[in-house]
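Trainee: The structure file entry14.txt (compact mmCIF, C-alpha atoms) is provided below.
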# COMPACT_ATOMS: atom_id res chain seq x y z
CA MET A 1 -32.96 12.67 4.91
CA PRO A 2 -29.70 11.36 6.39
CA ASP A 3 -27.52 13.54 8.56
CA CYS A 4 -24.93 14.72 6.04
CA PRO A 5 -22.24 17.27 6.92
CA ASN A 6 -22.04 18.67 3.38
CA LYS A 7 -25.12 20.37 1.96
CA ASP A 8 -25.54 22.58 -1.04
CA ASP A 9 -27.25 25.98 -1.06
CA LYS A 10 -30.69 24.36 -1.40
CA HIS A 11 -30.11 22.42 1.82
CA HIS A 12 -30.31 19.16 -0.07
CA CYS A 13 -28.18 16.22 0.95
CA ASP A 14 -27.73 13.37 -1.50
CA CYS A 15 -25.31 11.11 0.39
CA PRO A 16 -26.99 8.05 1.95
CA ASP A 17 -26.00 6.77 5.36
CA GLY A 18 -22.50 5.32 5.39
CA SER A 19 -21.47 6.72 2.02
CA CYS A 20 -19.01 9.46 1.13
CA PRO A 21 -20.02 13.13 1.35
CA PRO A 22 -21.18 14.85 -1.84
CA LEU A 23 -18.66 16.84 -3.85
CA PHE A 24 -19.08 20.36 -5.18
CA PRO A 25 -16.56 20.82 -8.00
CA ASP A 26 -17.73 24.37 -8.77
CA GLN A 27 -16.95 25.71 -5.31
CA PRO A 28 -13.59 27.34 -4.50
CA PRO A 29 -11.23 24.58 -3.32
CA ALA A 30 -11.63 23.95 0.40
CA THR A 31 -8.51 23.87 2.53
CA ALA A 32 -7.48 21.82 5.55
CA SER A 33 -5.79 22.59 8.83
CA PRO A 34 -1.98 22.60 8.44
CA PRO A 35 0.02 19.62 9.72
CA ASP A 36 1.93 19.76 12.99
CA LEU A 37 5.50 18.53 12.59
CA THR A 38 5.88 18.29 16.37
CA LYS A 39 3.47 15.32 16.31
CA GLY A 40 5.83 13.25 14.17
CA PHE A 41 8.59 10.87 15.27
CA TRP A 42 12.16 10.64 13.99
CA ILE A 43 12.59 7.31 12.22
CA TRP A 44 15.24 5.29 10.39
CA THR A 45 16.06 1.65 9.70
CA LYS A 46 17.17 -0.78 12.43
CA GLU A 47 20.73 -0.15 11.32
CA VAL A 48 20.65 2.97 13.47
CA VAL A 49 20.35 0.87 16.65
CA ALA A 50 23.61 -1.00 16.10
CA GLY A 51 25.28 2.25 15.06
CA GLY A 52 24.25 4.13 18.19
CA GLY A 53 22.38 6.70 16.11
CA VAL A 54 24.93 6.84 13.28
CA VAL A 55 25.07 4.83 10.04
CA PRO A 56 27.48 4.89 7.08
CA GLY A 57 26.78 7.16 4.15
CA CYS A 58 23.80 5.66 2.37
CA ALA A 59 20.33 6.15 0.96
CA ARG A 60 17.34 4.36 2.45
CA PRO A 61 13.75 4.16 1.16
CA PHE A 62 10.71 4.84 3.33
CA ARG A 63 7.07 4.28 2.38
CA LYS A 64 3.67 4.85 3.89
CA VAL A 65 0.19 4.18 2.54
CA VAL A 66 -1.89 6.80 4.36
CA PRO A 67 -4.42 4.88 6.48
CA GLY A 68 -8.09 5.76 6.94
CA VAL A 69 -8.72 7.13 3.44
CA ASP A 70 -12.22 5.69 3.05
CA CYS A 71 -13.52 8.33 0.64
CA PRO A 72 -11.72 9.88 -2.35
CA VAL A 73 -9.20 12.64 -1.60
CA ASN A 74 -7.38 15.04 -3.93
CA ARG A 75 -5.06 17.09 -1.72
CA LEU A 76 -2.14 16.42 0.62
CA THR A 77 -0.15 18.83 2.75
CA ILE A 78 3.03 17.58 4.37
CA ASP A 79 5.72 19.08 6.60
CA ILE A 80 8.99 17.20 6.26
CA THR A 81 12.68 17.30 7.07
CA CYS A 82 15.54 14.82 7.21
CA ASP A 83 18.95 14.65 8.77
CA ASN A 84 20.70 14.69 6.40
CA MET A 85 18.79 14.94 3.07
CA TYR A 86 15.62 13.70 1.38
CA THR A 87 13.61 13.53 -1.82
CA LEU A 88 9.83 13.26 -1.45
CA TYR A 89 7.31 11.52 -3.72
CA VAL A 90 3.51 11.34 -3.55
CA ASN A 91 1.70 8.70 -5.59
CA GLY A 92 4.78 8.13 -7.70
CA LYS A 93 5.43 11.78 -8.56
CA LEU A 94 8.35 13.95 -7.49
CA VAL A 95 7.40 16.61 -4.96
CA GLY A 96 10.75 18.05 -3.88
CA SER A 97 13.89 17.68 -1.79
CA GLY A 98 15.67 19.19 1.20
CA ILE A 99 19.28 19.23 2.37
CA GLU A 100 19.21 20.83 5.84
CA PHE A 101 17.19 19.37 8.72
CA THR A 102 16.95 22.71 10.53
CA THR A 103 14.78 24.16 7.73
CA PRO A 104 11.82 21.83 7.02
CA GLN A 105 9.61 22.24 3.98
CA ARG A 106 5.82 22.32 3.62
CA TYR A 107 4.33 21.04 0.37
CA THR A 108 0.69 20.97 -0.73
CA VAL A 109 0.13 18.44 -3.51
CA LYS A 110 -2.85 18.33 -5.87
CA PHE A 111 -3.89 15.07 -7.58
CA GLU A 112 -6.89 13.29 -9.06
CA ASP A 113 -9.47 11.81 -6.70
CA THR A 114 -8.14 8.58 -5.19
CA ASN A 115 -8.68 6.31 -2.21
CA LYS A 116 -4.98 5.43 -2.01
CA VAL A 117 -2.28 7.92 -1.11
CA VAL A 118 1.33 6.71 -1.00
CA VAL A 119 4.07 8.86 0.52
CA ALA A 120 7.60 7.74 -0.35
CA VAL A 121 10.90 9.25 0.78
CA TYR A 122 14.44 8.70 -0.50
CA ALA A 123 16.35 9.57 2.67
CA VAL A 124 20.13 10.05 2.69
CA GLN A 125 22.85 9.91 5.31
CA ASP A 126 25.63 12.31 4.33
CA PRO A 127 28.66 10.13 3.45
CA VAL A 128 31.01 12.87 4.68
CA SER A 129 29.68 14.05 8.03
CA LEU A 130 28.37 10.69 9.37
CA ALA A 131 26.56 12.35 12.26
CA GLN A 132 23.04 11.67 13.55
CA VAL A 133 20.46 10.50 11.02
CA GLY A 134 16.67 10.60 10.98
CA LEU A 135 13.51 11.38 9.02
CA ILE A 136 10.40 13.11 10.34
CA CYS A 137 7.16 14.33 8.76
CA SER A 138 3.54 15.13 9.50
CA GLY A 139 0.76 15.46 6.95
CA VAL A 140 -2.94 15.56 6.19
CA VAL A 141 -5.06 14.48 3.20
CA TRP A 142 -8.53 15.71 2.26
CA ASN A 143 -10.89 16.42 -0.65
CA SER A 144 -11.02 20.07 -1.67
CA GLN A 145 -14.47 19.62 -3.26
CA GLU A 146 -16.21 18.80 0.02
CA LYS A 147 -18.01 21.60 1.86
CA SER A 148 -16.38 20.73 5.18
CA PRO A 149 -13.55 18.36 4.28
CA LYS A 150 -12.76 15.36 6.43
CA GLU A 151 -9.09 15.64 7.36
CA THR A 152 -7.06 12.43 7.59
CA PRO A 153 -3.72 13.02 9.34
CA PHE A 154 -0.56 10.90 9.22
CA ILE A 155 2.91 11.08 10.77
CA THR A 156 6.22 9.25 10.67
CA ASP A 157 6.12 6.40 13.17
CA GLY A 158 6.95 2.71 13.48
CA THR A 159 4.36 1.69 10.87
CA TRP A 160 6.36 3.10 7.94
CA LYS A 161 8.02 0.50 5.73
CA THR A 162 11.73 0.57 4.93
CA PHE A 163 14.56 -1.56 3.53
CA GLU A 164 17.85 -2.15 5.35
CA GLY A 165 20.44 -2.19 2.61
CA ASP A 166 21.64 -0.53 -0.58
CA ASN A 167 20.07 -2.89 -3.11
CA PHE A 168 16.45 -1.81 -2.71
CA ASP A 169 14.02 -1.60 -5.63
CA ARG A 170 13.95 1.99 -6.86
CA ASN A 171 10.34 1.49 -7.92
CA PHE A 172 9.38 1.87 -4.26
CA ILE A 173 8.06 5.35 -5.07
CA LYS A 174 5.20 3.90 -7.15
CA GLU A 175 1.67 3.44 -5.83
CA ASP A 176 1.45 -0.26 -6.72
CA PHE A 177 4.84 -1.26 -5.26
CA ASN A 178 4.64 -4.29 -2.95
CA ASP A 179 6.42 -3.51 0.32
CA GLN A 180 5.06 -6.46 2.31
CA SER A 181 8.51 -8.01 2.73
CA TRP A 182 10.02 -4.75 4.02
CA LYS A 183 10.70 -4.07 7.69
CA ASP A 184 8.98 -1.56 9.95
CA ALA A 185 10.93 1.62 10.64
CA VAL A 186 12.63 2.17 14.00
CA VAL A 187 11.35 5.07 16.08
CA GLU A 188 14.32 7.06 17.36
CA GLY A 189 12.21 9.42 19.42
CA PRO A 190 9.67 12.27 19.29
CA TYR A 191 10.17 15.67 17.70
CA LEU A 192 12.27 17.00 20.59
CA THR A 193 14.66 14.02 20.70
CA GLY A 194 18.21 15.02 21.78
CA PRO A 195 20.18 15.69 18.59
CA TRP A 196 17.38 17.75 17.01
CA ALA A 197 15.74 19.40 20.03
CA GLY A 198 15.41 23.15 19.56
CA LYS A 199 17.15 23.13 16.18
CA VAL A 200 14.22 22.71 13.76
CA ALA A 201 12.56 25.89 12.49
CA PRO A 202 8.89 26.15 11.46
CA PRO A 203 8.23 24.67 8.00
CA THR A 204 8.37 26.93 4.96
CA GLU A 205 5.86 26.64 2.12
CA THR A 206 7.81 25.32 -0.85
CA ASP A 207 7.26 24.85 -4.60
CA GLN A 208 7.91 21.63 -6.51
CA ASN A 209 11.65 21.23 -6.98
CA PRO A 210 14.21 18.67 -8.25
CA GLY A 211 15.28 15.48 -6.55
CA LEU A 212 18.74 14.96 -5.07
CA LYS A 213 21.47 14.62 -7.70
CA ASN A 214 25.27 14.43 -7.62
CA ILE A 215 25.30 13.81 -3.88
CA ARG A 216 28.72 14.60 -2.44
CA PRO A 217 30.71 13.86 -5.62
CA GLY A 218 33.88 11.92 -4.90
CA ALA A 219 32.74 10.75 -1.48
CA ILE A 220 33.07 7.10 -0.48
CA PRO A 221 30.67 5.37 -0.49
CA LYS A 222 28.97 6.87 -3.53
CA VAL A 223 25.31 7.67 -2.85
CA PRO A 224 23.15 7.24 -5.98
CA ASP A 225 20.89 9.98 -7.29
CA ALA A 226 17.26 9.98 -6.18
CA PRO A 227 14.86 8.07 -8.47
CA ASP A 228 13.54 10.03 -11.43
CA ALA A 229 9.81 10.71 -11.66
CA LYS A 230 7.35 13.09 -13.24
CA PRO A 231 6.84 16.29 -11.22
CA ALA A 232 3.93 16.45 -8.83
CA ASP A 233 1.40 19.29 -9.00
CA VAL A 234 2.51 21.34 -5.99
CA ILE A 235 0.46 24.41 -5.14
CA THR A 236 1.49 27.35 -2.96
CA SER A 237 -0.32 30.36 -1.53
CA ASN A 238 0.00 33.84 -2.98
CA ALA A 239 2.07 34.85 0.05
CA ALA A 240 4.52 32.01 -0.57
CA LYS A 241 4.79 32.88 -4.25
CA LEU A 242 5.56 36.51 -3.39
CA ALA A 243 8.21 35.47 -0.87
CA SER A 244 9.76 33.15 -3.44
CA ALA A 245 9.84 35.91 -6.04
CA ASN A 246 11.45 38.35 -3.61
CA ASN A 247 14.06 35.77 -2.64
CA ALA A 248 14.88 35.06 -6.29
CA ALA A 249 15.46 38.76 -6.89
CA LYS A 250 18.24 38.91 -4.28
CA PRO A 251 21.93 38.43 -5.17
CA ALA A 252 22.86 34.77 -5.38
CA SER A 253 25.23 35.06 -2.43
CA VAL A 254 22.41 35.88 -0.01
CA GLN A 255 19.71 33.61 -1.38
CA ASN A 256 18.43 30.88 0.89
CA ALA A 257 18.68 28.18 -1.78
CA ALA A 258 16.05 25.58 -0.93
CA LYS A 259 16.25 23.70 -4.21
CA PRO A 260 19.82 22.88 -5.29
CA THR A 261 20.36 19.82 -7.43
CA LEU A 262 24.09 19.59 -6.70
CA ILE A 263 24.69 18.51 -3.12
CA GLN A 264 28.32 19.30 -2.46
CA ASN A 265 29.07 21.57 0.47
CA ILE A 266 26.70 20.80 3.31
CA ALA A 267 27.81 21.81 6.77
CA LYS A 268 27.01 19.23 9.43
CA PRO A 269 28.26 18.54 12.96
CA ALA A 270 31.47 16.55 12.88
CA SER A 271 30.78 14.63 16.06
CA ALA A 272 28.17 11.91 16.23
CA GLN A 273 25.64 11.78 19.03
CA SER A 274 24.43 8.52 20.49
CA PHE A 275 20.73 7.77 20.85
CA LYS A 276 21.42 5.24 23.56
CA SER A 277 21.14 7.94 26.19
CA THR A 278 18.26 9.73 24.48
CA PRO A 279 14.84 9.40 26.16
CA GLY A 280 12.28 7.81 23.88
CA PHE A 281 14.72 5.94 21.68
CA ARG A 282 13.49 2.46 20.94
Would you kindly transcribe this structure into structure tokens?
Mentor:
Amino acid sequence: MPDCPNKDDKHHCDCPDGSCPPLFPDQPPATASPPDLTKGFWIWTKEVVAGGGVVPGCARPFRKVVPGVDCPVNRLTIDITCDNMYTLYVNGKLVGSGIEFTTPQRYTVKFEDTNKVVVAVYAVQDPVSLAQVGLICSGVVWNSQEKSPKETPFITDGTWKTFEGDNFDRNFIKEDFNDQSWKDAVVEGPYLTGPWAGKVAPPTETDQNPGLKNIRPGAIPKVPDAPDAKPADVITSNAAKLASANNAAKPASVQNAAKPTLIQNIAKPASAQSFKSTPGFR
């Protein structure tokens, strides 16, 4: 009998050497260790180098095919934030968006078994504030039907693909999109890089929510809405659901709105900071 990490109650192992572990669809879904956002790097396009950390108001696409997925997976958890705003997609489906880099989101996405997981982000520089800009995330994929799931981590780094310009193909969110002609992202620095050091709170578990729409109406240049897509199957814990329900019951003026679709009044620092003097910028 081969040495297999996943065995059923009869101590039988049916996965041959070198194959994928057996699955147990009748067991309660297994979970994985949460991601660690501090392991990620802030990234953007090469435009940020010439701009000294600042670029004009714009949207830029970022894509990553999660490496090392040798056996089928059906879950992904990701911690993510962006300065200034983002919309997140997994395997072509809309997960959610965020508009304040100090409050990152954590999403857990459920999908059918697959050996290919594509994470795509529509990242936006606020056309009004024009301060620092960057995207950071950390995630893990696994199969919830394994007894002891193999966890495959990923982070934002210089291997992510991006496009330097406004006329990118909005189909970049799809699994089968060909990004071979795209450039590698520029690494601006680790989690504690200057402009963001000490300002990012722990991620908050978040439900599926709409993509960015009506971004800074009237601003020049006009930033297009995020690509439309079917909603992803985002799952949250009972504790997160209770917190969300309690928050929704509060008066609108004190709600911490994590899911607005109209992006109009976003407070950002007025002065830009240069990465040229920031350790780790390359």
Trainee: Can you tell me, as a list in words, what residues are no more than 10 Å from Ser181 (chain A) when counting all atoms listed in the file, ignoring any on the same chain fewer than 4 positions away?
Mentor: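 Skipping anything fewer than 4 positions along the chain leaves Lys161, Thr162 and Phe163 of chain A.
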Trainee: Which is closest to Gly194 (chain A) among A:Ile155, A:Ala30, A:Val133, A:Leu37, if we use all atoms listed in the file?
Mentor: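 Checking each of A:Ile155, A:Ala30, A:Val133, A:Leu37 against Gly194 (chain A), counting all atoms listed in the file, the winner is A:Val133.
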Trainee: Give the answer as one residue: which of A:Val118, A:Val223, A:Leu94, A:Val128 has the shortest atom-to-atom distance to Asp176 (chain A), using only C-alpha atoms?
Mentor: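 Smallest separation from Asp176 (chain A) among the options: A:Val118.
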Trainee: Measuring between only C-alpha atoms, which one of A:Pro231, A:Gly53, A:Gly96, A:Gly165 shows the shortest distance to Thr206 (chain A)?
Mentor: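 Once distances to Thr206 (chain A) are computed over only C-alpha atoms, the minimum belongs to A:Gly96.
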Trainee: From the list A:Ile99, A:Glu205, A:Lys110, A:Lys147, which residue is nearest Thr236 (chain A) when using all atoms listed in the file?
Mentor: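 Selected residue with least distance to Thr236 (chain A): A:Glu205.
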Trainee: Could you jot down the CA of Lys174 (chain A) to CA of Ile215 (chain A) separation for me, Å, one decimal place?
Mentor: 22.6 Å
Trainee: Return the single residue from A:Ser97, A:Thr102, A:Ser237, A:Thr152 that is closest to Pro67 (chain A), with distances computed using all atoms listed in the file.
Mentor: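 Nearest candidate to Pro67 (chain A) out of A:Ser97, A:Thr102, A:Ser237, A:Thr152: A:Thr152.
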Trainee: Rank A:Pro153, A:Gly134, A:Pro203, A:Pro227 by their smallest atom-to-atom distance to Trp42 (chain A), using only C-alpha atoms, and report the top residue only.
Mentor: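 Smallest distance to Trp42 (chain A) is found for A:Gly134.
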Trainee: Report the distance between CA of Pro61 (chain A) and CA of Trp142 (chain A) in Å, rounded to one decimal place.
Mentor: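 These two atoms are separated by 25.1 Å.
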Trainee: Would you tabulate, counting only C-alpha atoms, all residues of region 132-201 of chain A that have an atom at most 12 Å from an atom of region 104-108 of chain A, showing the closest pair of atoms and their distance in Å to one decimal, sorted by chain then ascending number, as CSV?
Mentor:
residue,atom,partner,partner_atom,distance
A:Leu135,CA,A:Pro104,CA,10.8
A:Ile136,CA,A:Pro104,CA,9.4
A:Cys137,CA,A:Pro104,CA,9.0
A:Ser138,CA,A:Arg106,CA,9.6
A:Gly139,CA,A:Arg106,CA,9.2
A:Val140,CA,A:Thr108,CA,9.5
A:Val141,CA,A:Thr108,CA,9.5
A:Trp142,CA,A:Thr108,CA,11.0
A:Ser144,CA,A:Thr108,CA,11.8
A:Lys199,CA,A:Pro104,CA,10.7
A:Val200,CA,A:Pro104,CA,7.2
A:Ala201,CA,A:Pro104,CA,6.9
Trainee: Could you pull the residues within 10 Å of Pro190 (chain A), counting all atoms listed in the file, minus those fewer than 3 positions along the same chain, as a PyMOL selection string?
Mentor: chain A and resi 38-43+136+156-157+187+193-194+196-197+279-281
Trainee: How many Å lie between CA of Val117 (chain A) and CA of Val65 (chain A), rounded to one decimal?
Mentor: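 Value for the CA of Val117 (chain A)-CA of Val65 (chain A) distance: 5.8 Å.
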Trainee: Skip Phe101 (chain A) itself and residues of its chain fewer than 5 positions away, then list as a PyMOL selection string all residues within 6 Å of it, counting only C-alpha atoms.
Mentor: chain A and resi 81-83
